[in-house]
Every structure is written in C-alpha cells, then in structure tokens.
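> Below you'll find coords_6.cif; it's mmCIF, C-alpha atoms.
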```cif
data_protein
loop_
_atom_site.label_atom_id
_atom_site.label_comp_id
_atom_site.auth_asym_id
_atom_site.auth_seq_id
_atom_site.Cartn_x
_atom_site.Cartn_y
_atom_site.Cartn_z
CA MET A 1 175.42 63.16 147.33
CA ALA A 2 174.23 66.32 149.03
CA THR A 3 175.58 66.80 152.51
CA ASN A 4 174.13 69.27 154.95
CA THR A 5 176.78 71.82 154.04
CA ASP A 6 175.97 71.44 150.36
CA ARG A 7 172.32 71.91 151.07
CA SER A 8 172.80 75.18 152.89
CA GLY A 9 175.04 76.25 150.03
CA THR A 10 172.12 75.98 147.65
CA MET A 11 170.03 78.46 149.63
CA TYR A 12 169.78 82.03 148.34
CA ASP A 13 171.44 84.51 150.67
CA LEU A 14 169.98 87.99 150.09
CA SER A 15 171.27 89.47 153.35
CA SER A 16 174.09 91.38 151.68
CA VAL A 17 171.42 93.40 149.88
CA LEU A 18 169.04 93.70 152.82
CA ASP A 19 170.57 92.81 156.17
CA VAL A 20 167.69 90.82 157.65
CA ASP A 21 167.97 87.36 159.23
CA ALA A 22 164.94 86.15 157.28
CA LEU A 23 166.84 86.71 154.01
CA GLU A 24 170.01 84.86 154.94
CA SER A 25 168.81 81.48 153.80
CA VAL A 26 165.97 81.62 151.30
CA ARG A 27 164.87 78.27 149.89
CA PRO A 28 165.25 77.84 146.11
CA GLY A 29 161.83 78.14 144.51
CA THR A 30 160.71 80.93 146.84
CA SER A 31 158.69 83.76 145.34
CA ILE A 32 158.71 87.12 147.09
CA LEU A 33 156.32 90.04 146.64
CA ILE A 34 157.96 93.44 146.92
CA SER A 35 155.29 95.92 147.92
CA GLY A 36 155.50 99.64 148.51
CA PRO A 37 154.11 102.97 147.36
CA ALA A 38 155.24 104.51 144.06
CA MET A 39 158.74 105.96 143.89
CA THR A 40 160.11 104.22 146.96
CA GLY A 41 162.83 102.28 145.20
CA LYS A 42 161.19 98.90 144.61
CA GLN A 43 162.83 98.51 141.21
CA GLY A 44 166.22 99.55 142.60
CA LEU A 45 165.93 96.91 145.30
CA VAL A 46 164.97 94.29 142.68
CA TYR A 47 167.97 95.19 140.51
CA ASP A 48 170.26 95.00 143.56
CA ILE A 49 168.99 91.54 144.45
CA LEU A 50 169.36 90.39 140.82
CA ALA A 51 172.87 91.89 140.57
CA ASP A 52 173.81 90.08 143.76
CA GLY A 53 172.85 86.87 141.94
CA VAL A 54 174.96 87.80 138.91
CA ALA A 55 177.95 88.19 141.24
CA ALA A 56 177.24 84.66 142.51
CA GLY A 57 177.25 83.30 138.96
CA GLU A 58 173.50 82.84 138.74
CA GLY A 59 171.22 83.47 135.78
CA THR A 60 168.94 86.50 135.55
CA VAL A 61 165.53 86.83 133.94
CA ILE A 62 163.92 90.27 133.88
CA LEU A 63 160.28 90.54 132.85
CA SER A 64 159.03 94.07 132.41
CA THR A 65 155.48 95.18 131.69
CA GLY A 66 156.48 98.73 130.78
CA ASP A 67 160.10 99.22 129.75
CA ARG A 68 161.65 98.14 126.47
CA ALA A 69 164.34 95.49 126.49
CA GLY A 70 167.06 97.97 125.52
CA THR A 71 166.24 100.29 128.42
CA ILE A 72 166.12 97.41 130.88
CA VAL A 73 169.54 96.11 129.86
CA GLU A 74 171.03 99.63 130.10
CA GLU A 75 169.58 100.22 133.56
CA PHE A 76 170.50 96.82 134.89
CA ASP A 77 174.07 97.11 133.58
CA GLU A 78 174.57 100.03 135.99
CA HIS A 79 173.94 97.69 138.91
CA VAL A 80 176.31 94.97 137.76
CA ALA A 81 180.10 94.95 137.91
CA THR A 82 180.68 92.24 135.29
CA ASP A 83 180.60 92.81 131.55
CA SER A 84 179.15 89.57 130.36
CA PHE A 85 176.68 87.43 132.29
CA PRO A 86 173.72 85.17 131.50
CA LEU A 87 170.73 87.49 131.10
CA ALA A 88 167.30 87.09 129.55
CA VAL A 89 164.82 89.92 129.14
CA ILE A 90 161.13 89.67 128.35
CA ASP A 91 159.40 92.90 127.48
CA CYS A 92 155.69 93.26 126.89
CA ALA A 93 155.76 96.01 124.30
CA GLY A 94 155.28 93.86 121.23
CA ASP A 95 157.65 93.06 118.40
CA ALA A 96 160.28 95.69 117.83
CA THR A 97 163.84 94.92 116.92
CA ALA A 98 164.95 98.57 116.80
CA SER A 99 164.94 98.90 120.57
CA ASP A 100 166.59 95.57 121.25
CA PRO A 101 169.85 95.67 123.15
CA GLU A 102 172.95 95.70 120.96
CA ASP A 103 174.55 93.18 123.26
CA SER A 104 173.80 89.97 121.39
CA ASP A 105 174.58 87.89 124.50
CA VAL A 106 171.26 88.89 125.99
CA PHE A 107 168.27 86.69 125.20
CA VAL A 108 165.31 88.92 124.37
CA TYR A 109 161.68 87.93 123.96
CA HIS A 110 158.78 90.24 123.18
CA ALA A 111 155.29 89.45 124.42
CA SER A 112 152.64 91.49 122.64
CA SER A 113 151.24 93.16 125.79
CA PRO A 114 151.14 92.71 129.57
CA GLY A 115 147.86 90.88 128.99
CA ASP A 116 149.51 88.37 126.63
CA LEU A 117 149.97 85.63 129.20
CA THR A 118 150.65 82.97 126.56
CA GLY A 119 153.48 85.09 125.17
CA ILE A 120 154.81 85.66 128.66
CA GLY A 121 154.70 81.92 129.29
CA ILE A 122 156.60 81.19 126.08
CA GLY A 123 159.10 83.96 126.90
CA ILE A 124 159.79 82.56 130.36
CA THR A 125 160.07 79.01 129.03
CA GLU A 126 162.56 80.02 126.35
CA ALA A 127 164.47 82.28 128.75
CA LEU A 128 164.93 79.48 131.28
CA GLU A 129 165.88 77.06 128.52
CA THR A 130 168.45 79.46 127.03
CA LEU A 131 170.06 80.13 130.41
CA HIS A 132 170.08 76.43 131.18
CA ASP A 133 171.84 75.77 127.86
CA ARG A 134 174.48 78.28 128.92
CA GLY A 135 175.17 76.16 131.98
CA VAL A 136 173.09 78.14 134.47
CA GLN A 137 171.68 75.84 137.17
CA ARG A 138 169.76 78.45 139.12
CA GLY A 139 168.89 82.10 139.00
CA ARG A 140 166.59 84.94 139.88
CA LEU A 141 163.58 86.18 137.94
CA SER A 142 161.85 89.51 138.43
CA LEU A 143 158.46 90.69 137.22
CA SER A 144 157.73 94.42 137.34
CA SER A 145 155.07 95.20 137.84
CA LEU A 146 151.95 93.40 138.93
CA SER A 147 150.22 96.79 139.13
CA THR A 148 150.45 97.11 135.36
CA MET A 149 149.22 93.52 135.02
CA LEU A 150 146.22 94.48 137.14
CA THR A 151 145.27 97.22 134.69
CA TYR A 152 145.26 94.69 131.83
CA THR A 153 143.47 91.88 133.53
CA ASP A 154 141.44 91.22 136.67
CA ARG A 155 142.58 90.33 140.17
CA LYS A 156 141.60 86.69 139.81
CA THR A 157 143.73 86.24 136.71
CA VAL A 158 146.73 88.03 138.23
CA PHE A 159 146.43 85.92 141.39
CA LYS A 160 146.37 82.71 139.37
CA LEU A 161 149.21 83.95 137.16
CA CYS A 162 151.35 84.59 140.24
CA HIS A 163 150.58 81.15 141.56
CA VAL A 164 151.43 79.40 138.30
CA LEU A 165 154.63 81.42 137.85
CA SER A 166 155.68 80.67 141.44
CA SER A 167 155.16 76.96 140.83
CA ARG A 168 157.18 77.12 137.62
CA LEU A 169 160.03 78.93 139.40
CA ASP A 170 159.82 76.42 142.21
CA ALA A 171 160.31 73.59 139.71
CA ALA A 172 163.35 75.43 138.29
CA ASP A 173 164.82 76.22 141.76
CA TYR A 174 164.75 79.89 140.85
CA LEU A 175 164.06 82.83 143.14
CA GLY A 176 161.11 85.02 142.11
CA LEU A 177 160.75 88.75 142.79
CA PHE A 178 157.47 90.46 141.93
CA THR A 179 156.78 94.15 142.52
CA ILE A 180 153.46 95.85 143.23
CA ASP A 181 152.64 99.51 143.79
CA ALA A 182 150.85 99.36 147.13
CA SER A 183 149.38 102.85 146.69
CA ALA A 184 147.63 101.90 143.44
CA HIS A 185 145.32 99.19 144.82
CA ASP A 186 142.81 98.72 147.62
CA GLU A 187 143.73 96.76 150.74
CA GLN A 188 141.67 93.76 149.67
CA THR A 189 143.47 93.41 146.34
CA LEU A 190 146.82 93.51 148.11
CA GLN A 191 145.63 90.90 150.60
CA VAL A 192 144.59 88.57 147.79
CA ILE A 193 147.74 89.00 145.68
CA LYS A 194 149.95 88.57 148.75
CA GLN A 195 148.49 85.12 149.32
CA ALA A 196 150.04 83.85 146.07
CA PHE A 197 153.54 84.39 147.47
CA ASP A 198 155.80 82.70 150.00
CA GLY A 199 156.89 85.97 151.51
CA MET A 200 156.91 89.70 151.12
CA ILE A 201 159.30 92.64 151.40
CA GLU A 202 157.35 95.73 152.42
CA ILE A 203 158.77 99.16 151.73
CA ARG A 204 157.56 102.39 153.34
CA GLU A 205 158.76 105.97 153.51
CA ARG A 206 158.57 107.94 156.73
CA GLU A 207 159.85 111.50 157.01
CA GLY A 208 162.04 111.03 153.98
CA VAL A 209 163.53 107.76 155.22
CA ARG A 210 162.88 104.59 153.25
CA GLU A 211 162.48 101.46 155.31
CA ALA A 212 161.89 97.79 154.55
CA ARG A 213 160.76 94.75 156.45
CA VAL A 214 160.35 91.10 155.55
CA ARG A 215 157.18 89.13 156.27
CA GLY A 216 156.14 85.54 155.71
CA LEU A 217 159.55 83.90 155.37
CA THR A 218 159.87 83.55 159.14
CA SER A 219 157.10 83.21 161.71
CA GLU A 220 157.42 86.83 162.85
CA PRO A 221 157.89 89.84 160.57
CA SER A 222 161.34 91.44 160.76
CA GLU A 223 161.95 94.89 162.28
CA TRP A 224 161.81 97.88 159.93
CA LEU A 225 165.26 98.51 158.51
CA GLU A 226 166.47 101.65 156.79
CA LEU A 227 167.19 101.11 153.09
CA MET B 228 132.84 63.98 135.85
CA SER B 229 131.81 62.36 139.11
CA ASP B 230 134.18 60.26 141.21
CA SER B 231 132.65 56.92 140.28
CA ASP B 232 132.45 57.37 136.50
CA PRO B 233 135.55 56.97 134.38
CA PRO B 234 136.65 60.11 132.51
CA VAL B 235 135.33 60.40 128.95
CA VAL B 236 137.71 60.55 125.99
CA LEU B 237 136.48 61.51 122.54
CA ILE B 238 138.62 60.21 119.66
CA VAL B 239 138.27 62.15 116.41
CA GLU B 240 140.06 60.26 113.66
CA ASP B 241 139.09 59.57 110.06
CA GLU B 242 141.13 56.37 109.70
CA PRO B 243 139.05 53.60 111.35
CA ASP B 244 142.05 51.32 112.07
CA VAL B 245 143.93 54.06 113.87
CA ALA B 246 140.84 55.10 115.84
CA GLU B 247 140.22 51.49 116.86
CA THR B 248 143.82 51.12 118.06
CA TYR B 249 143.45 54.16 120.32
CA ASN B 250 140.15 52.79 121.55
CA LEU B 251 141.71 49.43 122.46
CA TRP B 252 144.45 51.16 124.40
CA LEU B 253 142.14 53.46 126.31
CA GLN B 254 138.91 51.51 126.85
CA ASP B 255 139.94 49.80 130.08
CA GLU B 256 140.52 53.07 131.87
CA TYR B 257 138.19 55.48 130.13
CA GLU B 258 134.80 55.72 128.54
CA VAL B 259 135.70 56.14 124.88
CA ARG B 260 133.62 57.80 122.17
CA MET B 261 134.66 57.70 118.53
CA ALA B 262 133.97 60.17 115.75
CA GLY B 263 135.08 59.63 112.14
CA ASN B 264 134.99 63.30 111.23
CA GLY B 265 134.62 66.82 112.60
CA SER B 266 130.86 67.16 112.46
CA GLU B 267 130.37 63.79 114.17
CA ALA B 268 132.77 64.98 116.84
CA LEU B 269 130.67 68.07 117.52
CA ASP B 270 127.56 65.87 117.77
CA LEU B 271 129.23 63.64 120.35
CA LEU B 272 130.61 66.54 122.38
CA ASP B 273 128.78 67.28 125.61
CA ASP B 274 129.60 68.27 129.20
CA ASP B 275 130.73 64.74 130.05
CA VAL B 276 133.66 64.80 127.64
CA ASP B 277 136.93 65.44 129.49
CA VAL B 278 139.55 64.97 126.80
CA VAL B 279 139.38 65.17 123.00
CA LEU B 280 142.03 63.58 120.77
CA LEU B 281 141.71 65.50 117.58
CA ASP B 282 143.33 64.55 114.29
CA ARG B 283 144.41 67.71 112.56
CA MET B 284 144.18 66.55 108.96
CA MET B 285 140.69 65.29 108.21
CA PRO B 286 138.41 65.55 105.21
CA GLY B 287 135.53 67.96 105.83
CA LEU B 288 135.92 70.08 108.95
CA SER B 289 139.61 70.38 109.77
CA GLY B 290 141.00 69.84 113.27
CA ASP B 291 141.58 73.57 113.65
CA GLU B 292 137.95 74.33 112.79
CA VAL B 293 136.67 71.69 115.20
CA LEU B 294 138.89 73.16 117.92
CA GLU B 295 137.51 76.62 117.28
CA ARG B 296 133.93 75.35 117.66
CA ILE B 297 134.80 73.43 120.81
CA ARG B 298 136.31 76.56 122.34
CA LYS B 299 133.21 78.56 121.43
CA SER B 300 131.00 75.93 123.06
CA ASP B 301 130.38 75.64 126.79
CA SER B 302 132.59 72.59 127.08
CA ASP B 303 135.73 73.00 129.17
CA CYS B 304 137.31 69.80 127.85
CA ARG B 305 141.02 69.51 127.05
CA VAL B 306 142.00 69.07 123.44
CA ALA B 307 145.13 67.26 122.28
CA MET B 308 145.99 67.65 118.64
CA VAL B 309 147.21 64.62 116.74
CA THR B 310 149.51 65.61 113.92
CA ALA B 311 151.92 64.08 111.44
CA VAL B 312 154.49 66.85 111.94
CA GLU B 313 156.11 67.94 115.21
CA PRO B 314 154.64 71.39 115.91
CA ASP B 315 156.02 74.44 117.72
CA PHE B 316 154.68 76.29 120.78
CA ASP B 317 152.49 78.14 118.23
CA ILE B 318 150.12 75.25 118.44
CA LEU B 319 149.47 76.04 122.10
CA GLU B 320 148.79 79.67 121.19
CA MET B 321 146.14 78.43 118.78
CA GLY B 322 144.25 76.91 121.67
CA PHE B 323 145.30 73.28 121.73
CA ASP B 324 146.22 71.96 125.17
CA SER B 325 148.71 69.41 124.00
CA TYR B 326 149.88 67.62 120.91
CA LEU B 327 150.87 64.15 119.85
CA THR B 328 152.92 63.31 116.79
CA LYS B 329 152.02 60.23 114.74
CA PRO B 330 152.74 57.38 115.06
CA ILE B 331 151.54 57.41 118.67
CA ARG B 332 152.50 54.68 121.11
CA SER B 333 150.22 53.36 123.81
CA GLN B 334 152.23 54.72 126.72
CA GLU B 335 152.45 58.15 125.15
CA LEU B 336 148.70 58.27 124.64
CA HIS B 337 148.04 57.24 128.24
CA GLU B 338 150.45 59.83 129.55
CA THR B 339 148.91 62.62 127.52
CA VAL B 340 145.36 61.80 128.59
CA SER B 341 146.21 61.50 132.28
CA ASN B 342 148.33 64.64 132.12
CA LEU B 343 145.43 66.60 130.64
CA LEU B 344 143.08 65.27 133.33
CA GLU B 345 145.57 66.28 136.01
CA ARG B 346 145.73 69.74 134.52
CA SER B 347 141.94 70.03 134.87
CA THR B 348 142.26 69.05 138.53
CA TYR B 349 144.92 71.71 139.02
CA ASP B 350 142.74 74.38 137.39
CA ASP B 351 139.77 73.44 139.56
CA LEU B 352 141.89 73.53 142.71
CA LEU B 353 143.37 76.88 141.74
CA GLN B 354 139.88 78.29 141.17
CA GLN B 355 138.70 77.00 144.58
CA TYR B 356 141.83 78.37 146.19
CA TYR B 357 141.24 81.80 144.66
CA SER B 358 137.59 81.89 145.82
CA LEU B 359 138.62 81.12 149.40
CA VAL B 360 141.47 83.65 149.40
CA GLU B 361 139.00 86.20 148.08
CA LYS B 362 136.54 85.44 150.91
CA GLN B 363 139.32 85.55 153.45
CA ALA B 364 140.43 88.96 152.19
CA THR B 365 136.86 90.25 152.32
CA LEU B 366 136.56 89.24 155.97
CA GLU B 367 139.93 90.79 156.74
CA ALA B 368 138.87 94.02 155.09
CA THR B 369 135.55 94.28 156.92
CA LYS B 370 136.39 93.03 160.41
CA ASN B 371 138.99 94.15 162.93
CA SER B 372 141.54 91.71 164.36
CA ALA B 373 139.49 91.05 167.55
CA GLU B 374 136.43 90.16 165.47
CA LEU B 375 138.53 87.95 163.22
CA ALA B 376 139.98 86.11 166.20
CA GLU B 377 136.46 85.25 167.36
CA SER B 378 135.08 84.33 163.96
CA ASP B 379 134.63 80.60 163.39
CA GLU B 380 134.05 81.27 159.73
CA TYR B 381 137.41 83.00 159.45
CA GLU B 382 139.16 80.19 161.28
CA ARG B 383 137.63 77.57 158.99
CA LEU B 384 138.53 79.60 155.92
CA THR B 385 142.11 80.03 157.03
CA GLU B 386 142.45 76.30 157.63
CA ARG B 387 140.93 75.46 154.27
CA VAL B 388 143.19 77.97 152.49
CA GLU B 389 146.23 76.28 154.01
CA GLU B 390 144.92 72.83 153.07
CA LEU B 391 144.32 73.84 149.48
CA LYS B 392 147.73 75.47 149.27
CA GLY B 393 149.24 72.12 150.20
CA GLU B 394 147.07 70.21 147.75
CA LEU B 395 148.02 72.61 144.97
CA SER B 396 151.74 72.25 145.56
CA GLY B 397 151.21 68.47 145.43
CA THR B 398 149.56 68.76 142.00
CA LEU B 399 152.04 69.63 139.32
CA GLY B 400 149.27 69.77 136.73
CA GLY B 401 149.94 73.39 135.87
CA VAL B 402 153.67 73.23 135.43
CA GLU B 403 154.81 69.67 135.01
CA ASN B 404 156.42 70.54 131.69
CA ASP B 405 156.78 73.55 129.40
CA GLU B 406 153.70 72.63 127.43
CA ASP B 407 151.58 72.49 130.61
CA PHE B 408 152.93 75.77 131.82
CA ILE B 409 152.21 77.65 128.60
CA ALA B 410 148.77 76.09 128.12
CA THR B 411 147.81 76.90 131.72
CA LEU B 412 148.77 80.55 131.23
CA ARG B 413 146.96 80.68 127.90
CA GLU B 414 143.81 79.54 129.59
CA LEU B 415 144.13 82.20 132.26
CA SER B 416 144.24 84.90 129.63
CA ASN B 417 141.15 83.47 128.00
CA GLY B 418 139.44 84.11 131.30
CA ASP B 419 138.01 80.61 131.37
CA GLU B 420 135.18 80.39 133.85
CA HIS B 421 134.75 77.10 135.61
#
```
Any chance you could give the structure as structure tokens?

Amino acid sequence: MATNTDRSGTMYDLSSVLDVDALESVRPGTSILISGPAMTGKQGLVYDILADGVAAGEGTVILSTGDRAGTIVEEFDEHVATDSFPLAVIDCAGDATASDPEDSDVFVYHASSPGDLTGIGIGITEALETLHDRGVQRGRLSLSSLSTMLTYTDRKTVFKLCHVLSSRLDAADYLGLFTIDASAHDEQTLQVIKQAFDGMIEIREREGVREARVRGLTSEPSEWLEL
Amino acid sequence: MSDSDPPVVLIVEDEPDVAETYNLWLQDEYEVRMAGNGSEALDLLDDDVDVVLLDRMMPGLSGDEVLERIRKSDSDCRVAMVTAVEPDFDILEMGFDSYLTKPIRSQELHETVSNLLERSTYDDLLQQYYSLVEKQATLEATKNSAELAESDEYERLTERVEELKGELSGTLGGVENDEDFIATLRELSNGDEH
C-alpha cells in the first residue's frame, strides 16, 4: 500500500544537479526537453542528471544519434562514481562490434541510422526489458540529439516520435531527457518540438556565463540560474 | 470508417474451416470479408477495410507478398500476420502490425483486432494533434504576444491542443505493449500520410 510518504519517494529529485524548486519533485514518466545553443554543456548536464540516477540505484538508457557505444560508455563513466551499474546504450551508427564497450555488463544495441525508428524502438524495448530483468524498477533515458534526428527526418516525424517515446517512458515510469541544439533550428520548429514534452530546461550563455532555467513543470518559469 | 458502420475485417485464410471459425467469432462485432487466397484478398481490399488477418503460409501468393502489395496500395489498414511459429520482432520490421500464432483462441483474436483499431485511432489523433500544434506555432511565429492575446483563433487552437493532449494520453494505442510501440515507430519512419 502506497502511503503519501511512499508516493513522494517515487518522485525524481533532480535538484542536486540543478538547484531549482521545479526539479525537486518530478513525476515519473515526465519527459524534459533540454534546449540550448551548441557547445553550452547540454550533454554534460544530461550525463550529470543520469549519473545522479545511477547514485540512486536507478537504471540508465543512453540513446545517441552520433557517438559510438564505446565512446558513450567511456564518457559517461567519468561522471559516475560506481564501477558497475545497470546501463543500456543504443547507438545509431549501424552494426559494428569492434567499437562496442569491453564492459560486458552494458547492454548495447545498434540501430542502423538515426532515421531507423523501428531499430530505435526495438533497441529501447530490449534496453528496458534487460534493465527490468536486472531488477531495475525505474530509470532515466536520454536521447541526444533531436537536432540530428531532424536532419534525417522531418519535423512532423520527430514530433510524433517524441510523443510516442514520452508515452512509452510514461508507461515505464522512467524520466526522459531529450536534447536539441536551439541554434540549429528556426523558432517555429522549436515551438513545435517543445509541445511534445512535459517541460523544458533552457540553457543560454551570456558574457561567458552559462545559465539554465526550467519551464513547463511549474506554472511559472524558474529564474535563470548559473550552471 | 464512419461512426455508425462496424469496422471491416478481411480474413485471408486458405483453410475454409479455420476461416469460418474466425468469421463466427467476429461477425457480431465486425463486418467480415473472407478471401481463400492472396489474389482474392487483393480483390476484396478497399478503403473500407480496417484490419486484415493474413495467413502467412498459403498456396499461390504468400502472406509476405500480399503484405507488400497492401503496403504499396493506398490502403492504410492494419495487418496482423497469422503464423504457425512464434515470430520475433523482425516480423514488425517487415511491415506487419501484429501477429497471432496458431491455434488462435476467440479472445485472442478479439483482442488483436480491437487493439489494432485502437492503434489507428491513436495515429489519427496524433496526426490531428500535430497539425494543430503546427498551426499554433505558425501563429506564434507571425504574431506578437498582444496580437495573440486578442486572437480568437489562437485561443480556440490552444484549447483544442490541450483537449487533444488529454485524449491522446487516454489512448494507449501507440504504446500499450512492446509490439504496439515498435509498430507505431515503424509507421512513423515510413512517413505514412493519413
């Protein structure tokens, strides 16, 4: 029987990564768009949020449209303190076992390209299943980046993809993190894509200072906070 | 498919007894058409058909070939493959929307058909939702916030977007199970126009 205390315990608390009230109690199944210009640390923020989940004993699924599985595992390891944790990686660079991580604990799936949505769907399904079999009840999934997706397929397809993925994550009680390079698309595209998400973390850089704010998860956007 | 007419199910099965059994199970809820082989199936296929139950192993045109022709046609019907062997996700990559392993029970058949119909509803809703979000974004890009605040069109759109969002989250058609999820994504990459 879930009591009120238990219920709040099932929320995702991301405030240790980004100290914003709106991130203290994020409902399982929430999908967040992380938007900012190139080279402003979107991926770093994603890895920090995922690593925070690893520390809490959650599962991690990393879906990358550009990097190979081996590279992803190496980079992510730098953000995590533990040696062994439930991790699944989906890369979109086609079949290639040479670049696969040596760590056999990691579940790896290769989709044939960022436009191979069927492959991505199978990869996510098998990743969630594998983590579940390892006793993981919840976790965090990241997709980087939607900008690459948008070069492989049109806005309509990416919008629908985001919506379907969000629904799937909702059913699994996962947290979803999706990045987009705000400087690579017109305002209208960003407006449309944004609508497929529950909330958004915006990143900007002003006079060399990187700042973030959270929108959509609470009625008012948060203040800009230095990263 | 209009609201008053029952959905149309096309059964493609070369064994008459088996086909008749499916027909008996489905006829109270659906309009059923029966084809004894692949070419008959293609003759009976039109815009009214919502779901096709397609036996994979048939003399003449095989199930895979029939599927290929259905996908090349204008029909946006859902196709469930009926097979003797439990298949893998590969079958979804081939373009089937679902599969049933023989022998099929009545309840299983009903569930598959209604699940496929629900998936169509989900896809239609998602398409409508996208169109409205697109319109909303166009208005937002061309008008300033004062103009938007005064625009009845924008207000109506915003309301409708919220409504559809709610309807969509109430329809699990796209993600009710792994098979649904993968098939829904596959269809997106095919760029299906509805």
> The PyMOL selection byres ((chain A) within 12 of (chain B)) on the file shown: which residues, as a PyMOL selection string?
chain A and resi 29+113-129+149+152-172+186-198
> Kindly indicate which residue among A:Val80, A:Ile34, A:Ala51, A:Leu14 lies nearest to Gly216 in chain A, using all atoms listed in the file for the distances.
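Looking only at the distances to Gly216 in chain A, the closest residue turns out to be A:Ile34.
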> For this file, the PyMOL selection byres ((chain B and resi 311) around 6) selects which residues, as a PyMOL selection string?
chain B and resi 310+312+328-329
> Generate a file of the selected residues that holds C-alpha atoms, formatted as a PDB file, in the coordinates of the input.

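Below is the file again.pdb, written as the result:
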```
ATOM      1  CA  THR B 310     149.510  65.610 113.920  1.00  0.00           C
ATOM      2  CA  VAL B 312     154.490  66.850 111.940  1.00  0.00           C
ATOM      3  CA  THR B 328     152.920  63.310 116.790  1.00  0.00           C
ATOM      4  CA  LYS B 329     152.020  60.230 114.740  1.00  0.00           C
TER       5      LYS B 329
END
```
> Need the shell around Leu177 in chain A: protein/DNA/RNA residues with any atom at most 12 Å away, counting only C-alpha atoms. Skip same-chain ones fewer than 4 positions apart. Format as a PyMOL selection string?
chain A and resi 14+29-35+42-43+45-50+60-64+139-146+162+165-166+169+197-201
> Which residues, named as in the file, does the PyMOL selection byres ((chain A and resi 227) around 8) pick out? Answer as a PyMOL selection string.
chain A and resi 18+209-212+225-226
> Work out how far CA of Thr65 in chain A is from CA of Arg206 in chain A, in Å to one decimal.
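CA of Thr65 in chain A lies at a distance of 28.3 Å from CA of Arg206 in chain A.
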> Excluding range 280-297 of chain B and any residue of its chain fewer than 3 positions from it, enumerate the residues within 7 Å of it, using all atoms listed in the file, and give them as a list in words.
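Listed by chain and then number, they are Leu237, Ile238, Val239, Glu240, Asp241, Asn264, Gly265, Ser266, Ser300, Ser302, Val306, Ala307, Met308, Val309 and Thr310 of chain B.
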> Could you tell me how far CA of Asp100 in chain A lies from CA of Glu78 in chain A, in Å and to one decimal?
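So the answer is 17.3 Å.
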> Given all atoms listed in the file as the basis, pick out the residue of B:Leu344, B:Leu384, B:Leu327, B:Leu251 nearest to Pro233 in chain B.
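Looking at the shortest contact to Pro233 in chain B, the residue is B:Leu344.
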> Calculate how many Å separate CA of Ala268 in chain B from CA of Arg305 in chain B, rounding to one decimal.
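Separation between CA of Ala268 in chain B and CA of Arg305 in chain B: 13.9 Å.
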> Of the residues B:Val340, B:Leu352, B:Ala262, B:Cys304, which is the one nearest to Arg387 in chain B, using only C-alpha atoms?
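For Arg387 in chain B, the nearest of the given residues is B:Leu352.
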> Taking all atoms listed in the file into account, name the residue in B:Asp303, B:Ser378, B:Leu253, B:Glu267 that is nearest to Glu338 in chain B.
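Checking each of B:Asp303, B:Ser378, B:Leu253, B:Glu267 against Glu338 in chain B, counting all atoms listed in the file, the winner is B:Leu253.
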> Determine the axis-aligned bounding box of all atoms of range 113-129 of chain A present in the file, pad each side by 6 Å, and express its centre and edge lengths in Å to one decimal place as JSON.

```
{"center_x": 156.9, "center_y": 85.1, "center_z": 128.2, "size_x": 30.0, "size_y": 28.1, "size_z": 18.1}
```
> Rank nothing, just name the residue among A:Arg204, A:Glu58, A:Thr40, A:Phe107 nearest to Val73 in chain A, using all atoms listed in the file.
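Using all atoms listed in the file, the shortest distance to Val73 in chain A belongs to A:Phe107.
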> Can you take the partial range 363-368 of chain B, add all heavy atoms, and return it as a JSON list (two decimals), in the coordinates of the input?

```json
[["chain", "number", "residue", "atom", "x", "y", "z"],
["B", 363, "GLN", "N", 138.47, 85.24, 152.31],
["B", 363, "GLN", "CA", 139.32, 85.55, 153.45],
["B", 363, "GLN", "C", 139.68, 87.05, 153.46],
["B", 363, "GLN", "O", 139.59, 87.72, 154.50],
["B", 363, "GLN", "CB", 140.60, 84.71, 153.34],
["B", 363, "GLN", "CG", 141.40, 84.61, 154.61],
["B", 363, "GLN", "CD", 142.71, 83.85, 154.37],
["B", 363, "GLN", "OE1", 143.23, 83.82, 153.26],
["B", 363, "GLN", "NE2", 143.23, 83.24, 155.41],
["B", 364, "ALA", "N", 140.05, 87.55, 152.30],
["B", 364, "ALA", "CA", 140.43, 88.96, 152.19],
["B", 364, "ALA", "C", 139.25, 89.87, 152.48],
["B", 364, "ALA", "O", 139.40, 90.94, 153.08],
["B", 364, "ALA", "CB", 141.01, 89.24, 150.80],
["B", 365, "THR", "N", 138.04, 89.45, 152.06],
["B", 365, "THR", "CA", 136.86, 90.25, 152.32],
["B", 365, "THR", "C", 136.61, 90.36, 153.82],
["B", 365, "THR", "O", 136.34, 91.44, 154.36],
["B", 365, "THR", "CB", 135.61, 89.62, 151.66],
["B", 365, "THR", "OG1", 135.92, 89.39, 150.29],
["B", 365, "THR", "CG2", 134.41, 90.52, 151.77],
["B", 366, "LEU", "N", 136.74, 89.22, 154.51],
["B", 366, "LEU", "CA", 136.56, 89.24, 155.97],
["B", 366, "LEU", "C", 137.61, 90.13, 156.63],
["B", 366, "LEU", "O", 137.31, 90.93, 157.52],
["B", 366, "LEU", "CB", 136.64, 87.82, 156.54],
["B", 366, "LEU", "CG", 135.43, 86.93, 156.35],
["B", 366, "LEU", "CD1", 135.67, 85.57, 156.99],
["B", 366, "LEU", "CD2", 134.18, 87.58, 156.96],
["B", 367, "GLU", "N", 138.84, 90.00, 156.16],
["B", 367, "GLU", "CA", 139.93, 90.79, 156.74],
["B", 367, "GLU", "C", 139.72, 92.28, 156.52],
["B", 367, "GLU", "O", 140.11, 93.10, 157.35],
["B", 367, "GLU", "CB", 141.28, 90.35, 156.15],
["B", 367, "GLU", "CG", 141.79, 89.05, 156.77],
["B", 367, "GLU", "CD", 142.95, 88.43, 156.00],
["B", 367, "GLU", "OE1", 143.32, 88.96, 154.94],
["B", 367, "GLU", "OE2", 143.47, 87.39, 156.47],
["B", 368, "ALA", "N", 139.08, 92.61, 155.40],
["B", 368, "ALA", "CA", 138.87, 94.02, 155.09],
["B", 368, "ALA", "C", 137.70, 94.60, 155.87],
["B", 368, "ALA", "O", 137.63, 95.81, 156.09],
["B", 368, "ALA", "CB", 138.65, 94.20, 153.59]]
```
